[in-house]
$ cat data-v1.cif   # mmCIF, C-alpha atoms and all ligand atoms
data_model
loop_
_atom_site.label_atom_id
_atom_site.label_comp_id
_atom_site.auth_asym_id
_atom_site.auth_seq_id
_atom_site.Cartn_x
_atom_site.Cartn_y
_atom_site.Cartn_z
CA MET A 1124 136.16 176.37 70.86
CA ALA A 1125 136.74 173.87 73.65
CA ILE A 1126 138.71 175.19 76.59
CA ASN A 1127 141.09 172.73 78.22
CA LEU A 1128 141.16 172.73 82.00
CA VAL A 1129 142.89 170.81 84.75
CA PHE A 1130 141.22 170.19 88.10
CA VAL A 1131 143.47 168.92 90.88
CA ASP A 1132 141.76 167.51 93.95
CA ALA A 1133 142.92 167.86 97.54
CA SER A 1134 144.82 164.57 97.30
CA GLY A 1135 146.71 165.74 94.21
CA GLU A 1136 144.82 163.73 91.62
CA ARG A 1137 144.62 165.60 88.31
CA ARG A 1138 141.65 165.52 85.96
CA ALA A 1139 141.96 167.06 82.50
CA VAL A 1140 138.65 168.12 80.97
CA ALA A 1141 137.47 170.28 78.09
CA ALA A 1142 134.42 172.53 78.15
CA PRO A 1143 132.78 174.90 75.67
CA GLU A 1144 133.81 178.54 75.62
CA GLY A 1145 131.26 180.73 77.40
CA ARG A 1146 130.47 178.23 80.13
CA SER A 1147 131.63 178.88 83.67
CA LEU A 1148 134.43 176.99 85.34
CA MET A 1149 131.83 175.56 87.74
CA GLU A 1150 129.70 174.32 84.83
CA ALA A 1151 132.78 172.76 83.25
CA ALA A 1152 133.37 170.73 86.40
CA SER A 1153 129.74 169.76 86.64
CA LEU A 1154 129.45 168.76 82.96
CA SER A 1155 132.50 166.53 83.28
CA GLY A 1156 131.65 164.97 86.62
CA VAL A 1157 134.59 166.53 88.41
CA PRO A 1158 134.11 165.99 92.15
CA GLY A 1159 134.81 168.56 94.84
CA ILE A 1160 132.61 171.44 93.64
CA ASP A 1161 129.14 171.44 95.21
CA ALA A 1162 127.71 174.62 93.64
CA ASP A 1163 124.63 174.55 95.86
CA CYS A 1164 123.17 177.78 94.43
CA GLY A 1165 123.57 176.70 90.82
CA GLY A 1166 125.92 179.51 89.87
CA ALA A 1167 124.11 182.51 91.34
CA CYS A 1168 127.11 183.65 93.42
CA ALA A 1169 125.11 182.95 96.57
CA CYS A 1170 126.66 179.91 98.25
CA ALA A 1171 130.48 179.86 98.00
CA THR A 1172 130.49 176.07 97.62
CA CYS A 1173 132.18 176.31 94.24
CA GLN A 1174 135.42 177.63 95.70
CA VAL A 1175 138.62 176.69 93.90
CA TYR A 1176 142.27 177.59 94.37
CA VAL A 1177 143.74 179.06 91.21
CA ASP A 1178 147.20 177.92 90.20
CA ALA A 1179 149.64 180.75 90.86
CA ALA A 1180 150.69 181.00 87.23
CA TRP A 1181 147.09 181.64 86.22
CA LEU A 1182 146.12 184.20 88.86
CA PRO A 1183 147.20 187.25 86.81
CA ARG A 1184 145.45 185.91 83.74
CA ILE A 1185 141.91 185.56 85.01
CA PRO A 1186 139.63 188.60 85.27
CA PRO A 1187 139.51 190.19 88.75
CA MET A 1188 136.64 189.27 91.01
CA GLY A 1189 133.60 191.50 91.36
CA ASP A 1190 132.12 192.77 94.61
CA SER A 1191 129.52 190.01 94.89
CA GLU A 1192 132.15 187.30 94.50
CA ALA A 1193 134.43 189.00 97.04
CA ASN A 1194 131.56 189.30 99.51
CA MET A 1195 130.51 185.68 99.07
CA LEU A 1196 134.07 184.41 99.47
CA GLU A 1197 134.00 185.86 102.98
CA PHE A 1198 131.78 182.89 103.83
CA ALA A 1199 133.96 180.25 102.20
CA ALA A 1200 135.68 177.78 104.46
CA ASN A 1201 139.40 177.24 103.94
CA ARG A 1202 139.75 180.45 102.00
CA GLN A 1203 143.21 181.17 100.61
CA GLU A 1204 144.83 184.09 98.83
CA ASN A 1205 144.18 182.40 95.50
CA SER A 1206 140.55 181.45 96.18
CA ARG A 1207 137.93 182.19 93.53
CA LEU A 1208 134.36 181.09 92.95
CA ALA A 1209 134.28 178.80 89.94
CA CYS A 1210 130.81 179.96 88.89
CA GLN A 1211 132.15 183.49 88.39
CA ILE A 1212 134.96 182.52 86.01
CA LYS A 1213 133.77 182.48 82.41
CA LEU A 1214 135.73 180.29 80.05
CA THR A 1215 137.47 182.19 77.29
CA PRO A 1216 140.25 181.13 74.88
CA GLU A 1217 142.70 183.03 77.09
CA LEU A 1218 141.99 180.52 79.85
CA ASP A 1219 142.90 177.46 77.78
CA GLY A 1220 145.03 175.33 80.10
CA LEU A 1221 143.71 176.86 83.34
CA THR A 1222 144.62 174.75 86.37
CA VAL A 1223 142.78 174.94 89.68
CA THR A 1224 142.70 172.89 92.86
CA THR A 1225 139.49 171.98 94.65
CA PRO A 1226 139.41 172.31 98.45
CA GLU A 1227 139.12 169.29 100.70
CA PHE A 1228 135.69 170.44 101.84
CA GLN A 1229 133.05 172.88 100.55
CA PHE A 1230 130.71 174.38 103.10
FE1 LIG B 1301 127.10 179.11 94.41
FE2 LIG B 1301 129.22 179.57 92.84
S1 LIG B 1301 127.77 178.00 92.67
S2 LIG B 1301 128.55 180.70 94.55
#

$ encode --input "data-v1.cif" --output "C-alpha cells" --more "lines below"
Ligand code: FES
Amino acid sequence: MAINLVFVDASGERRAVAAPEGRSLMEAASLSGVPGIDADCGGACACATCQVYVDAAWLPRIPPMGDSEANMLEFAANRQENSRLACQIKLTPELDGLTVTTPEFQF
C-alpha cells in the first residue's frame, strides 16, 4: 500500500508524495526528491539532520520516540516540541495523510 504524505517546507510550499508502506519517512522524502532533509547518517539515528516538525493533528497518532531518537534530538538545531527524526518514523497505513514541516536548516 502506498502511504500519502505531505511535506511542507519552511517557506510554506507543500509537496504531496506517496511512498511504500514499511519505508521510513526520511526514505519517502529521499525517494521523492523532497528537499530539506539531509539524513547524513543514512537513517542510523546518528545525525539528527532528518528532523521534521510533525503537524499537531498527527502528533498523537505516530508511535512515541525511543531513547536513541530522544538522545539524538538533543543535538538537533531549531528543535521544537513537535520535532521528530524522520528516519525513525516507519510508514504504516495509519499514517496515510501524515503532514510534516521541514526546518529551515538541518545541522
Ligand atoms: Fe541521521 Fe535520521 S538520518 S538521524

$ residues_near_point --input "data-v1.cif" --point "(135.4, 178.2, 71.8)" --cutoff "10 Å" --atoms "only C-alpha atoms" --output "NGL selection string"
:A and (1124-1126 or 1142-1146 or 1214-1216 or 1219)

$ closest_residue --input "data-v1.cif" --among "A:Val1175, A:Ala1180, A:Cys1170, A:Ile1160" --to "Gly1220 (chain A)" --atoms "only C-alpha atoms"
A:Ala1180

$ closest_residue --input "data-v1.cif" --among "A:Gln1211, A:Asn1205, A:Ser1134, A:Ser1147" --to "Cys1168 (chain A)" --atoms "only C-alpha atoms"
A:Gln1211

$ closest_atom_pairs --input "data-v1.cif" --of "chain A" --to "ligand LIG 1301 (chain B)" --cutoff "10 Å" --atoms "only C-alpha atoms and all ligand atoms" --output "CSV"
residue,atom,partner,partner_atom,distance
A:Ser1147,CA,B:LIG1301,FE2,9.5
A:Leu1148,CA,B:LIG1301,FE2,9.5
A:Met1149,CA,B:LIG1301,S1,6.8
A:Glu1150,CA,B:LIG1301,S1,8.9
A:Ile1160,CA,B:LIG1301,S1,8.2
A:Asp1161,CA,B:LIG1301,S1,7.2
A:Ala1162,CA,B:LIG1301,S1,3.5
A:Asp1163,CA,B:LIG1301,FE1,5.4
A:Cys1164,CA,B:LIG1301,FE1,4.1
A:Gly1165,CA,B:LIG1301,S1,4.8
A:Gly1166,CA,B:LIG1301,S1,3.7
A:Ala1167,CA,B:LIG1301,FE1,5.5
A:Cys1168,CA,B:LIG1301,S2,3.5
A:Ala1169,CA,B:LIG1301,S2,4.6
A:Cys1170,CA,B:LIG1301,FE1,3.9
A:Ala1171,CA,B:LIG1301,S2,4.0
A:Thr1172,CA,B:LIG1301,FE1,5.6
A:Cys1173,CA,B:LIG1301,FE2,4.6
A:Gln1174,CA,B:LIG1301,FE2,7.1
A:Val1175,CA,B:LIG1301,FE2,9.9
A:Ser1191,CA,B:LIG1301,S2,9.4
A:Glu1192,CA,B:LIG1301,S2,7.5
A:Met1195,CA,B:LIG1301,S2,7.0
A:Leu1196,CA,B:LIG1301,S2,8.3
A:Ala1199,CA,B:LIG1301,S2,9.4
A:Arg1207,CA,B:LIG1301,FE2,9.1
A:Leu1208,CA,B:LIG1301,FE2,5.4
A:Ala1209,CA,B:LIG1301,FE2,5.9
A:Cys1210,CA,B:LIG1301,FE2,4.3
A:Gln1211,CA,B:LIG1301,FE2,6.6
A:Ile1212,CA,B:LIG1301,FE2,9.4

$ closest_residue --input "data-v1.cif" --among "A:Leu1128, A:Ser1153, A:Pro1183, A:Met1188" --to "Ala1141 (chain A)" --atoms "all atoms listed in the file"
A:Leu1128

$ atom_distance --input "data-v1.cif" --atom1 "CA of Val1157 (chain A)" --atom2 "CA of Glu1217 (chain A)"
21.6 Å

$ residues_around --input "data-v1.cif" --residues "Pro1158 (chain A)" --least-positions-apart "6" --cutoff "10 Å" --atoms "all atoms listed in the file" --output "VMD selection string"
chain A and resid 1130 to 1132 1138 1152 1225

$ closest_residue --input "data-v1.cif" --among "A:Asn1194, A:Leu1221, A:Arg1137, A:Arg1202" --to "Leu1182 (chain A)" --atoms "only C-alpha atoms"
A:Leu1221

$ closest_residue --input "data-v1.cif" --among "A:Glu1227, A:Glu1204, A:Glu1197, A:Asp1178" --to "Val1129 (chain A)" --atoms "only C-alpha atoms"
A:Asp1178

$ closest_residue --input "data-v1.cif" --among "A:Asn1201, A:Gly1156, A:Phe1230, A:Ala1151" --to "Ala1133 (chain A)" --atoms "all atoms listed in the file"
A:Asn1201

$ atom_distance --input "data-v1.cif" --atom1 "CA of Gln1229 (chain A)" --atom2 "CA of Gln1203 (chain A)"
13.1 Å

$ axis_aligned_box --input "data-v1.cif" --around "region 1165-1181 of chain A" --padding-each-side "3 Å" --output "JSON"
{"center_x": 137.1, "center_y": 179.9, "center_z": 92.2, "size_x": 33.1, "size_y": 13.6, "size_z": 18.0}
